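**Student:** Contents of structure38.cif (mmCIF, C-alpha atoms) are below:
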data_model
loop_
_atom_site.label_atom_id
_atom_site.label_comp_id
_atom_site.auth_asym_id
_atom_site.auth_seq_id
_atom_site.Cartn_x
_atom_site.Cartn_y
_atom_site.Cartn_z
CA MET A 19 0.00 0.00 0.00
CA ALA A 20 1.38 3.40 -0.99
CA ALA A 21 1.78 5.88 1.84
CA ASP A 22 -0.55 8.90 1.81
CA TYR A 23 2.17 11.55 1.96
CA ALA A 24 -0.26 14.49 1.93
CA ALA A 25 -2.08 13.12 4.98
CA LEU A 26 1.23 12.44 6.73
CA LYS A 27 2.42 15.99 5.97
CA ALA A 28 -0.84 17.47 7.29
CA GLY A 29 -0.21 15.47 10.45
CA GLY A 30 3.30 16.82 10.93
CA PHE A 31 5.37 14.09 9.23
CA MET A 32 7.66 15.53 6.56
CA ARG A 33 9.08 13.13 4.04
CA GLN A 34 12.86 12.99 4.07
CA LYS A 35 15.31 12.41 1.20
CA GLN A 36 15.95 8.99 2.71
CA LYS A 37 13.40 6.39 1.64
CA ASP A 38 10.51 5.84 4.06
CA MET A 39 11.98 8.24 6.62
CA PHE A 40 10.12 11.18 8.09
CA SER A 41 10.96 14.17 10.20
CA MET A 42 8.26 14.45 12.84
CA ARG A 43 7.19 17.99 13.67
CA LEU A 44 5.79 18.55 17.15
CA ARG A 45 3.16 20.96 18.35
CA VAL A 46 4.88 23.76 20.28
CA VAL A 47 3.24 27.03 21.29
CA GLY A 48 5.36 30.10 21.85
CA GLY A 49 8.56 28.08 22.13
CA THR A 50 7.50 26.68 25.48
CA VAL A 51 8.01 23.00 26.29
CA THR A 52 7.64 21.46 29.74
CA VAL A 53 10.34 19.33 31.32
CA GLN A 54 8.05 16.27 31.12
CA GLN A 55 7.52 16.87 27.41
CA LEU A 56 11.26 17.40 26.86
CA LYS A 57 12.03 14.10 28.58
CA ALA A 58 9.50 12.25 26.42
CA ILE A 59 10.83 13.95 23.27
CA ALA A 60 14.40 13.00 24.20
CA GLU A 61 13.35 9.43 24.82
CA ALA A 62 11.43 9.26 21.53
CA ALA A 63 14.43 10.62 19.60
CA GLU A 64 16.60 7.98 21.22
CA LYS A 65 14.17 5.14 20.67
CA PHE A 66 12.67 5.95 17.24
CA GLY A 67 15.02 8.55 15.70
CA HIS A 68 18.74 9.14 15.43
CA ASN A 69 19.38 10.38 18.94
CA TYR A 70 18.93 14.10 18.25
CA VAL A 71 16.21 16.69 17.62
CA HIS A 72 16.14 19.67 15.30
CA LEU A 73 15.02 23.05 16.65
CA THR A 74 13.24 24.80 13.78
CA SER A 75 13.46 28.44 12.75
CA ARG A 76 9.98 29.03 14.21
CA GLN A 77 10.46 27.63 17.71
CA GLY A 78 9.33 24.16 16.75
CA VAL A 79 10.89 20.81 17.59
CA GLU A 80 11.32 18.05 15.02
CA ILE A 81 12.47 14.48 15.47
CA PRO A 82 14.13 13.38 12.22
CA PHE A 83 14.54 9.79 10.98
CA ILE A 84 11.22 8.32 12.04
CA ARG A 85 10.47 5.15 10.07
CA LEU A 86 7.21 4.97 8.15
CA GLU A 87 6.19 1.78 9.93
CA GLU A 88 6.78 3.29 13.38
CA ILE A 89 4.76 6.50 12.90
CA ASP A 90 1.73 5.34 14.88
CA GLU A 91 3.90 3.93 17.63
CA VAL A 92 5.90 7.15 18.10
CA LYS A 93 2.67 9.20 18.10
CA ASP A 94 1.21 7.04 20.89
CA PHE A 95 4.47 7.13 22.80
CA LEU A 96 4.56 10.96 22.77
CA ALA A 97 0.83 11.40 23.36
CA ALA A 98 1.25 9.61 26.71
CA SER A 99 3.34 12.61 27.87
CA GLY A 100 1.13 15.27 26.32
CA VAL A 101 3.23 15.82 23.22
CA GLN A 102 1.17 16.23 20.07
CA PRO A 103 2.31 16.21 16.45
CA GLY A 104 2.50 19.55 14.64
CA VAL A 105 1.30 20.43 11.16
CA CYS A 106 2.74 21.29 7.78
CA GLY A 107 1.14 22.32 4.46
CA PRO A 108 -1.69 24.79 3.78
CA ARG A 109 -2.94 25.52 7.28
CA VAL A 110 -2.30 27.58 10.42
CA ARG A 111 1.22 26.77 11.59
CA THR A 112 3.05 26.93 14.89
CA VAL A 113 2.19 30.11 16.78
CA THR A 114 5.43 31.72 17.91
CA ALA A 115 5.99 34.08 20.85
CA CYS A 116 8.69 35.66 22.97
CA GLN A 117 8.53 35.31 26.77
CA GLY A 118 6.84 38.71 26.99
CA GLY A 119 5.72 40.41 30.18
CA ARG A 120 5.69 37.15 32.13
CA CYS A 121 9.50 37.28 32.50
CA CYS A 122 10.93 40.12 30.44
CA PRO A 123 11.25 43.62 31.98
CA SER A 124 10.47 45.14 28.57
CA GLY A 125 7.34 43.05 27.89
CA CYS A 126 4.09 45.01 27.62
CA ILE A 127 1.82 41.97 27.16
CA ASP A 128 1.75 38.31 28.16
CA ALA A 129 2.85 37.12 24.71
CA LEU A 130 2.63 33.44 25.60
CA GLU A 131 -0.95 33.72 26.81
CA ILE A 132 -1.93 35.46 23.56
CA ALA A 133 -0.09 32.79 21.54
CA GLU A 134 -1.92 30.02 23.43
CA GLU A 135 -5.25 31.69 22.73
CA LEU A 136 -4.43 32.01 19.00
CA ASP A 137 -3.24 28.39 18.96
CA ARG A 138 -6.47 27.14 20.58
CA ARG A 139 -8.54 29.15 18.14
CA TYR A 140 -6.76 28.55 14.84
CA PHE A 141 -3.99 25.92 14.97
CA GLY A 142 -4.20 23.48 12.06
CA ARG A 143 -7.08 25.29 10.38
CA GLN A 144 -7.15 24.36 6.69
CA LEU A 145 -6.53 27.37 4.40
CA PRO A 146 -5.50 28.11 0.79
CA HIS A 147 -1.85 28.29 1.92
CA LYS A 148 0.23 28.31 5.09
CA PHE A 149 -0.64 31.00 7.63
CA LYS A 150 1.72 32.09 10.39
CA PHE A 151 1.04 33.91 13.62
CA GLY A 152 3.75 35.46 15.79
CA VAL A 153 3.44 37.39 19.05
CA THR A 154 6.12 39.74 20.38
CA GLY A 155 5.94 41.49 23.73
CA CYS A 156 7.18 44.98 22.88
CA GLN A 157 8.72 47.32 20.33
CA ASN A 158 12.11 45.61 20.72
CA ASN A 159 10.44 42.99 18.51
CA CYS A 160 12.64 40.01 19.43
CA LEU A 161 10.02 37.73 17.88
CA LYS A 162 9.92 39.71 14.58
CA ALA A 163 6.15 40.22 14.34
CA GLU A 164 6.20 41.58 10.78
CA GLU A 165 7.62 38.33 9.39
CA ASN A 166 4.25 36.70 9.97
CA ASP A 167 1.01 36.62 8.00
CA LEU A 168 -0.48 38.07 11.17
CA GLY A 169 1.89 39.56 13.71
CA VAL A 170 0.94 40.84 17.16
CA LYS A 171 3.20 43.34 18.93
CA GLY A 172 2.64 44.31 22.53
CA GLY A 173 2.44 47.96 23.44
CA MET A 174 1.12 50.23 26.14
CA VAL A 175 -1.72 52.70 26.01
CA ILE A 176 -0.31 55.45 28.23
CA ASP A 177 -1.84 57.91 30.64
CA TRP A 178 -0.24 60.61 32.82
CA ASN A 179 -1.43 61.84 36.22
CA LEU A 180 -0.48 65.28 37.46
CA GLU A 181 -0.84 64.36 41.18
CA ASP A 182 1.99 61.80 41.13
CA CYS A 183 4.34 63.72 38.84
CA ILE A 184 7.46 65.39 40.28
CA PHE A 185 8.48 66.82 36.87
CA CYS A 186 11.88 65.15 37.10
CA GLY A 187 12.22 65.13 33.31
CA VAL A 188 13.15 61.44 32.97
CA CYS A 189 10.23 60.50 30.67
CA GLU A 190 11.00 63.25 28.19
CA LYS A 191 14.42 61.68 27.61
CA ALA A 192 13.32 58.03 27.96
CA CYS A 193 10.99 58.51 24.98
CA ARG A 194 12.93 57.65 21.86
CA ARG A 195 10.33 59.24 19.61
CA GLY A 196 10.42 62.74 21.05
CA ALA A 197 6.70 62.46 21.73
CA ILE A 198 6.85 63.94 25.26
CA THR A 199 7.40 67.60 26.09
CA ILE A 200 7.38 69.20 29.52
CA ALA A 201 6.32 72.82 29.60
CA ASP A 202 4.44 75.16 31.92
CA GLY A 203 3.80 72.59 34.64
CA GLU A 204 2.29 70.14 32.22
CA ILE A 205 3.34 67.12 30.20
CA ARG A 206 2.19 66.83 26.62
CA VAL A 207 2.23 63.81 24.35
CA ALA A 208 2.11 64.07 20.57
CA PRO A 209 -0.24 61.13 19.82
CA ASP A 210 1.02 60.62 16.26
CA GLN A 211 4.59 60.31 17.52
CA CYS A 212 3.86 57.82 20.34
CA ASN A 213 4.59 54.24 19.24
CA HIS A 214 3.19 52.72 22.46
CA CYS A 215 6.59 51.38 23.55
CA GLY A 216 5.83 52.16 27.21
CA ARG A 217 9.33 53.43 28.01
CA CYS A 218 7.85 56.46 29.78
CA VAL A 219 5.93 54.09 32.07
CA THR A 220 8.92 51.87 32.90
CA ALA A 221 11.26 54.85 33.41
CA CYS A 222 8.92 56.99 35.54
CA PRO A 223 10.22 57.00 39.15
CA THR A 224 6.89 57.89 40.76
CA GLY A 225 4.29 55.93 38.80
CA ALA A 226 2.81 59.12 37.32
CA TRP A 227 2.76 57.35 33.97
CA LYS A 228 0.41 54.38 33.81
CA GLY A 229 0.15 51.94 30.93
CA SER A 230 -2.48 49.39 30.01
CA GLU A 231 -1.91 46.59 27.51
CA GLY A 232 -2.27 47.32 23.83
CA PHE A 233 -1.80 45.31 20.65
CA LEU A 234 -0.32 46.47 17.35
CA VAL A 235 -1.23 44.07 14.57
CA SER A 236 0.55 43.66 11.23
CA PHE A 237 -0.75 41.78 8.19
CA GLY A 238 0.76 40.09 5.15
CA GLY A 239 4.32 39.42 6.26
CA THR A 240 6.34 36.66 4.62
CA PHE A 241 10.07 35.89 4.66
CA GLY A 242 10.50 32.94 2.34
CA ASN A 243 10.92 32.99 -1.43
CA ASP A 244 9.30 36.37 -1.49
CA ILE A 245 9.99 38.88 1.27
CA GLN A 246 7.33 41.29 2.47
CA LYS A 247 7.14 43.15 5.74
CA GLY A 248 3.73 42.91 7.41
CA ARG A 249 1.85 46.22 7.51
CA GLU A 250 0.19 47.90 10.47
CA ILE A 251 -3.06 49.37 9.21
CA LEU A 252 -5.05 49.67 12.43
CA PRO A 253 -4.73 51.95 15.46
CA VAL A 254 -3.58 50.29 18.70
CA ILE A 255 -6.03 47.61 19.92
CA ARG A 256 -6.97 48.01 23.58
CA ASP A 257 -8.55 44.67 24.52
CA ARG A 258 -8.24 40.98 23.73
CA GLU A 259 -11.80 40.60 22.42
CA THR A 260 -11.08 43.18 19.70
CA LEU A 261 -7.77 41.49 18.94
CA LEU A 262 -9.55 38.19 18.35
CA ARG A 263 -12.29 39.84 16.27
CA VAL A 264 -9.63 41.41 14.07
CA ALA A 265 -7.75 38.10 13.77
CA ASP A 266 -11.02 36.33 12.85
CA ALA A 267 -11.74 38.93 10.16
CA ALA A 268 -8.22 38.61 8.70
CA ILE A 269 -8.13 34.82 8.58
CA ASP A 270 -11.69 34.65 7.19
CA TYR A 271 -10.72 37.13 4.48
CA PHE A 272 -7.75 34.93 3.58
CA ALA A 273 -9.91 31.77 3.57
CA ASP A 274 -12.54 33.41 1.35
CA ASN A 275 -10.32 35.29 -1.10
CA ALA A 276 -6.93 33.61 -1.51
CA GLN A 277 -6.26 31.33 -4.45
CA PRO A 278 -4.82 27.89 -3.64
CA GLY A 279 -1.11 28.21 -2.94
CA GLU A 280 -1.23 31.99 -2.56
CA ARG A 281 0.27 33.61 0.53
CA PHE A 282 -1.63 36.35 2.32
CA ALA A 283 0.75 39.06 1.08
CA LYS A 284 0.05 38.05 -2.53
CA THR A 285 -3.71 38.01 -2.00
CA LEU A 286 -3.58 41.50 -0.53
CA GLU A 287 -1.38 42.68 -3.39
CA ARG A 288 -3.68 41.15 -6.02
CA LEU A 289 -6.94 42.45 -4.56
CA GLY A 290 -5.56 45.70 -3.18
CA TRP A 291 -5.53 46.60 0.50
CA GLU A 292 -8.71 48.72 0.50
CA SER A 293 -11.40 46.05 0.87
CA PHE A 294 -9.32 44.17 3.44
CA THR A 295 -8.64 47.35 5.43
CA GLU A 296 -12.36 48.09 5.46
CA LYS A 297 -13.10 44.59 6.74
CA VAL A 298 -10.61 44.67 9.62
CA LEU A 299 -11.58 48.24 10.49
CA ASN A 300 -15.18 47.04 10.82
CA ALA A 301 -14.02 44.28 13.15
CA TYR A 302 -11.94 46.82 15.09
CA ASN A 303 -14.88 49.18 15.53
CA SER A 304 -17.72 46.72 16.13
CA MET B 8 20.60 72.24 42.09
CA ALA B 9 20.25 74.17 45.32
CA GLU B 10 17.02 72.33 46.14
CA PHE B 11 18.94 69.08 46.78
CA ARG B 12 21.65 68.38 49.38
CA ILE B 13 24.09 66.49 47.20
CA THR B 14 26.16 64.01 49.22
CA ASP B 15 28.42 62.94 46.37
CA THR B 16 28.80 63.15 42.63
CA VAL B 17 29.92 60.62 40.03
CA ASP B 18 30.92 61.28 36.43
CA ILE B 19 29.92 58.50 34.01
CA THR B 20 30.62 60.47 30.82
CA ASP B 21 33.98 58.68 30.45
CA VAL B 22 32.45 55.19 30.11
CA VAL B 23 29.93 53.50 27.81
CA CYS B 24 26.93 51.23 28.36
CA PRO B 25 26.72 49.01 30.36
CA VAL B 26 29.61 50.35 32.44
CA THR B 27 27.72 53.65 32.84
CA PHE B 28 25.16 51.96 35.07
CA VAL B 29 27.77 49.85 36.87
CA LYS B 30 29.79 52.93 37.79
CA ALA B 31 26.67 54.70 39.08
CA LYS B 32 25.67 51.59 41.04
CA VAL B 33 29.09 51.32 42.69
CA ALA B 34 28.91 55.01 43.68
CA LEU B 35 25.49 54.42 45.25
CA GLU B 36 26.78 51.39 47.18
CA GLU B 37 29.31 53.60 48.95
CA LEU B 38 26.59 55.92 50.24
CA GLU B 39 24.25 55.66 53.23
CA GLU B 40 20.49 55.31 52.99
CA GLY B 41 18.93 58.69 52.26
CA ASP B 42 22.12 60.19 50.81
CA ILE B 43 21.82 61.96 47.49
CA LEU B 44 24.04 61.24 44.50
CA SER B 45 24.38 63.43 41.45
CA ILE B 46 25.24 61.35 38.36
CA HIS B 47 26.83 63.28 35.51
CA MET B 48 26.01 61.59 32.18
CA ASN B 49 25.96 62.09 28.43
CA ASP B 50 22.96 62.59 26.20
CA GLY B 51 21.76 59.59 24.16
CA GLU B 52 21.82 56.03 25.50
CA PRO B 53 22.95 56.90 29.07
CA VAL B 54 20.17 59.42 29.71
CA GLN B 55 17.61 57.14 28.05
CA ASN B 56 18.49 54.06 30.08
CA VAL B 57 20.37 54.86 33.31
CA PRO B 58 17.37 56.51 35.06
CA ARG B 59 15.24 53.42 34.45
CA SER B 60 17.99 51.06 35.68
CA ILE B 61 18.41 53.16 38.84
CA LYS B 62 14.65 52.95 39.43
CA GLU B 63 14.69 49.17 38.92
CA GLU B 64 17.39 48.95 41.63
CA GLY B 65 14.86 50.54 43.97
CA HIS B 66 16.45 53.98 44.37
CA ARG B 67 14.48 57.21 44.21
CA VAL B 68 15.02 59.37 41.15
CA LEU B 69 14.42 63.00 42.09
CA LYS B 70 15.38 65.07 39.10
CA LEU B 71 17.04 65.05 35.72
CA ILE B 72 18.84 68.33 35.10
CA HIS B 73 19.65 69.34 31.53
CA ASN B 74 22.99 71.18 31.52
CA GLU B 75 22.47 72.45 27.95
CA ASP B 76 25.94 71.20 26.98
CA GLY B 77 25.10 67.67 25.90
CA THR B 78 25.23 66.37 29.47
CA TYR B 79 22.69 65.74 32.23
CA ASP B 80 22.83 65.40 36.00
CA LEU B 81 20.54 62.74 37.45
CA ILE B 82 19.76 63.37 41.11
CA VAL B 83 19.15 60.10 42.98
CA GLN B 84 18.40 59.34 46.60
CA LYS B 85 19.83 56.07 47.87
CA THR B 86 17.04 53.75 49.00
CA GLU B 87 17.72 50.29 50.45
CA ALA B 88 15.54 47.61 48.94
#
Represent the structure contained in this file as structure tokens.
**Tutor:**
Amino acid sequence: MAADYAALKAGGFMRQKQKDMFSMRLRVVGGTVTVQQLKAIAEAAEKFGHNYVHLTSRQGVEIPFIRLEEIDEVKDFLAASGVQPGVCGPRVRTVTACQGGRCCPSGCIDALEIAEELDRRYFGRQLPHKFKFGVTGCQNNCLKAEENDLGVKGGMVIDWNLEDCIFCGVCEKACRRGAITIADGEIRVAPDQCNHCGRCVTACPTGAWKGSEGFLVSFGGTFGNDIQKGREILPVIRDRETLLRVADAAIDYFADNAQPGERFAKTLERLGWESFTEKVLNAYNS
Amino acid sequence: MAEFRITDTVDITDVVCPVTFVKAKVALEELEEGDILSIHMNDGEPVQNVPRSIKEEGHRVLKLIHNEDGTYDLIVQKTEA
């Protein structure tokens, strides 16, 4: 019986050059793997593979050299420790994320929590072509949000209180965008210059600057054969419900309008950005 | 600067990041709780980052004085964590 390579690929088994050998992709969210999972993965690589794993460019883990006849066995073995296979082909891929505000002093959002939510909602969804999500915690952009079909970048929506301010002048210099000016006993922010980095909040010695979580979303990024930087076309998003509404609108637009084998950037280029912008703006405002 | 009783001063204009912060931190370690240190620093990276690092160490930032010559004086009160 001939192997169904398409079905194997959809289930995370990539055919190798070597006959009847597969590299098994695992389901990883935001580059986070528990110790129990790591132990099971190590054991599986020892038992079924060639005693090593490959860490992919998008925070995934693959076990190369799995034999065709042992595929079901290795799946069962890993499932017992909560390790699931990943996906390949035309569907929603591994959702990547930095550590974000959970550990990083610069993080404005809990990037991992957002990645887990996106993974629960979309992972493996069948689409005209691959679709990648990436979540980065702040403007430092360690996770490179704009490389993704849909990138989420954490930011802060800032607010200043006169009562707590000692007018020390630190925020004016901490802002890299020159958005803050101190004059006549008042602090002014130029809204079009603020990029929501939150540096004023983290630098303020008295807590006069407060920040609440915000999301900057980019669309249509791709860094393979063709390279396009994802574009930010919406104002900062202030809550998770809106973020998910916008993500729903974007992925539905891709599902409805892309031709088979066409990346999101190409669809947007072919159809123009206007109708898409209108659709996500509706989702943003509703 | 008359509004603050400066206990000591440190010049970090002769070093670059991350030694800027290290030098300021060492100067603070030699002071007593409540003492006030004036840190002389350059414009650019030092003035963008040193105040935040000082805050993260738990000290009280009181004022950032612009000397109008490409340097700043950051006035910090030593606070034990």
**Student:** So which residues fall inside 12 Å of (29.0, 54.9, 41.0) if we count only C-alpha atoms? Mind giving them as a PyMOL selection string?
**Tutor:** chain B and resi 15-20+22+26-38+43-48+57+61+83+85
**Student:** Got a sec to resolve the PyMOL selection byres ((chain A and resi 31) around 12) on this structure and send the residues as a PyMOL selection string?
**Tutor:** chain A and resi 21-30+32-34+38-45+80-86+88-90+92-93+102-107
**Student:** Evaluated on this file, the PyMOL selection byres ((chain B and resi 42) around 6) picks out some residues - which ones are they, written as number ranges by chain?
**Tutor:** B: 14, 39-41, 43, 84-85
**Student:** Please produce an output containing C-alpha atoms for each residue in the selection, written as a tab-separated table (two decimals), in the frame of the given file.
**Tutor:**
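Generated file (result.tsv):
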chain	number	residue	atom	x	y	z
B	14	THR	CA	26.16	64.01	49.22
B	39	GLU	CA	24.25	55.66	53.23
B	40	GLU	CA	20.49	55.31	52.99
B	41	GLY	CA	18.93	58.69	52.26
B	43	ILE	CA	21.82	61.96	47.49
B	84	GLN	CA	18.40	59.34	46.60
B	85	LYS	CA	19.83	56.07	47.87
**Student:** Write out as a PDB file with C-alpha atoms, in the coordinates of the input every residue belonging to chain A that has an atom at most 6 Å from any atom of chain B, counting only C-alpha atoms.
**Tutor:**
ATOM      1  CA  CYS A 186      11.880  65.150  37.100  1.00  0.00           C
ATOM      2  CA  GLY A 187      12.220  65.130  33.310  1.00  0.00           C
ATOM      3  CA  VAL A 188      13.150  61.440  32.970  1.00  0.00           C
ATOM      4  CA  LYS A 191      14.420  61.680  27.610  1.00  0.00           C
ATOM      5  CA  ALA A 192      13.320  58.030  27.960  1.00  0.00           C
ATOM      6  CA  ALA A 221      11.260  54.850  33.410  1.00  0.00           C
ATOM      7  CA  PRO A 223      10.220  57.000  39.150  1.00  0.00           C
TER       8      PRO A 223
END
**Student:** Within 9 Å of Gly119 (chain A), counting only C-alpha atoms, which residues show up once you throw out same-chain ones fewer than 6 positions away? Write them as a VMD selection string, please.
**Tutor:** chain A and resid 125 to 130 155 to 156
**Student:** Run the PyMOL selection byres ((chain A and resi 224-239) around 8) against the file shown and list the residues it catches, as an mmCIF file with C-alpha atoms, in the frame of the given file.
**Tutor:**
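Saved as out_11.cif:
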data_model
loop_
_atom_site.group_PDB
_atom_site.id
_atom_site.type_symbol
_atom_site.label_atom_id
_atom_site.label_comp_id
_atom_site.auth_asym_id
_atom_site.auth_seq_id
_atom_site.Cartn_x
_atom_site.Cartn_y
_atom_site.Cartn_z
ATOM 1 C CA CYS A 126 4.090 45.010 27.620
ATOM 2 C CA ILE A 127 1.820 41.970 27.160
ATOM 3 C CA ALA A 163 6.150 40.220 14.340
ATOM 4 C CA GLU A 164 6.200 41.580 10.780
ATOM 5 C CA GLU A 165 7.620 38.330 9.390
ATOM 6 C CA ASN A 166 4.250 36.700 9.970
ATOM 7 C CA ASP A 167 1.010 36.620 8.000
ATOM 8 C CA LEU A 168 -0.480 38.070 11.170
ATOM 9 C CA GLY A 169 1.890 39.560 13.710
ATOM 10 C CA VAL A 170 0.940 40.840 17.160
ATOM 11 C CA LYS A 171 3.200 43.340 18.930
ATOM 12 C CA GLY A 172 2.640 44.310 22.530
ATOM 13 C CA GLY A 173 2.440 47.960 23.440
ATOM 14 C CA MET A 174 1.120 50.230 26.140
ATOM 15 C CA VAL A 175 -1.720 52.700 26.010
ATOM 16 C CA ILE A 176 -0.310 55.450 28.230
ATOM 17 C CA ASP A 177 -1.840 57.910 30.640
ATOM 18 C CA TRP A 178 -0.240 60.610 32.820
ATOM 19 C CA ASN A 179 -1.430 61.840 36.220
ATOM 20 C CA LEU A 180 -0.480 65.280 37.460
ATOM 21 C CA GLU A 181 -0.840 64.360 41.180
ATOM 22 C CA ASP A 182 1.990 61.800 41.130
ATOM 23 C CA CYS A 183 4.340 63.720 38.840
ATOM 24 C CA ILE A 184 7.460 65.390 40.280
ATOM 25 C CA HIS A 214 3.190 52.720 22.460
ATOM 26 C CA GLY A 216 5.830 52.160 27.210
ATOM 27 C CA CYS A 218 7.850 56.460 29.780
ATOM 28 C CA VAL A 219 5.930 54.090 32.070
ATOM 29 C CA CYS A 222 8.920 56.990 35.540
ATOM 30 C CA PRO A 223 10.220 57.000 39.150
ATOM 31 C CA THR A 240 6.340 36.660 4.620
ATOM 32 C CA PHE A 241 10.070 35.890 4.660
ATOM 33 C CA ILE A 245 9.990 38.880 1.270
ATOM 34 C CA GLN A 246 7.330 41.290 2.470
ATOM 35 C CA LYS A 247 7.140 43.150 5.740
ATOM 36 C CA GLY A 248 3.730 42.910 7.410
ATOM 37 C CA ARG A 249 1.850 46.220 7.510
ATOM 38 C CA GLU A 250 0.190 47.900 10.470
ATOM 39 C CA ILE A 251 -3.060 49.370 9.210
ATOM 40 C CA LEU A 252 -5.050 49.670 12.430
ATOM 41 C CA PRO A 253 -4.730 51.950 15.460
ATOM 42 C CA VAL A 254 -3.580 50.290 18.700
ATOM 43 C CA ILE A 255 -6.030 47.610 19.920
ATOM 44 C CA ARG A 256 -6.970 48.010 23.580
ATOM 45 C CA ASP A 257 -8.550 44.670 24.520
ATOM 46 C CA LEU A 261 -7.770 41.490 18.940
ATOM 47 C CA ARG A 281 0.270 33.610 0.530
ATOM 48 C CA PHE A 282 -1.630 36.350 2.320
ATOM 49 C CA ALA A 283 0.750 39.060 1.080
ATOM 50 C CA LYS A 284 0.050 38.050 -2.530
ATOM 51 C CA LEU A 286 -3.580 41.500 -0.530
#
**Student:** Quick one, how far is CA of Ala197 (chain A) from CA of Gly118 (chain A)?
**Tutor:**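 Atom-to-atom, CA of Ala197 (chain A) to CA of Gly118 (chain A), that is 24.3 Å.
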**Student:** Smallest atom-to-atom distance to Asn213 (chain A): which of A:Gln144, A:Gln157, A:Thr199, A:Pro123, using only C-alpha atoms?
**Tutor:** A:Gln157
**Student:** What is the CA of Gly49 (chain A)-CA of Ala273 (chain A) distance in Å, reported with one decimal?
**Tutor:**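 Atom-to-atom, CA of Gly49 (chain A) to CA of Ala273 (chain A), that is 26.4 Å.
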**Student:** Would you work out the distance separating CA of Tyr302 (chain A) from CA of Ala265 (chain A), expressed in Å to one decimal?
**Tutor:** 9.8 Å
**Student:** Near Pro108 (chain A), counting all atoms listed in the file, which residues have an atom at most 9 Å away, once you skip same-chain residues fewer than 4 positions from it, shown as a list in words?
**Tutor:**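 So the residues in contact are Ala28, Gly142, Arg143, Gln144, Leu145, Pro146, His147, Lys148, Phe149, Pro278 and Gly279 of chain A.
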**Student:** Put those residues in a file: C-alpha atoms, as a compact mmCIF listing (two decimals), in the coordinates of the input.
**Tutor:**
# COMPACT_ATOMS: atom_id res chain seq x y z
CA ALA A 28 -0.84 17.47 7.29
CA GLY A 142 -4.20 23.48 12.06
CA ARG A 143 -7.08 25.29 10.38
CA GLN A 144 -7.15 24.36 6.69
CA LEU A 145 -6.53 27.37 4.40
CA PRO A 146 -5.50 28.11 0.79
CA HIS A 147 -1.85 28.29 1.92
CA LYS A 148 0.23 28.31 5.09
CA PHE A 149 -0.64 31.00 7.63
CA PRO A 278 -4.82 27.89 -3.64
CA GLY A 279 -1.11 28.21 -2.94
**Student:** If you count only C-alpha atoms, which residues fall within 7 Å of Gly77 (chain B), apart from same-chain ones fewer than 2 positions away, as a PDB file with C-alpha atoms, keeping the file's coordinate frame?
**Tutor:**
ATOM      1  CA  ASN B  49      25.960  62.090  28.430  1.00  0.00           C
ATOM      2  CA  ASP B  50      22.960  62.590  26.200  1.00  0.00           C
ATOM      3  CA  ASN B  74      22.990  71.180  31.520  1.00  0.00           C
ATOM      4  CA  GLU B  75      22.470  72.450  27.950  1.00  0.00           C
TER       5      GLU B  75
END
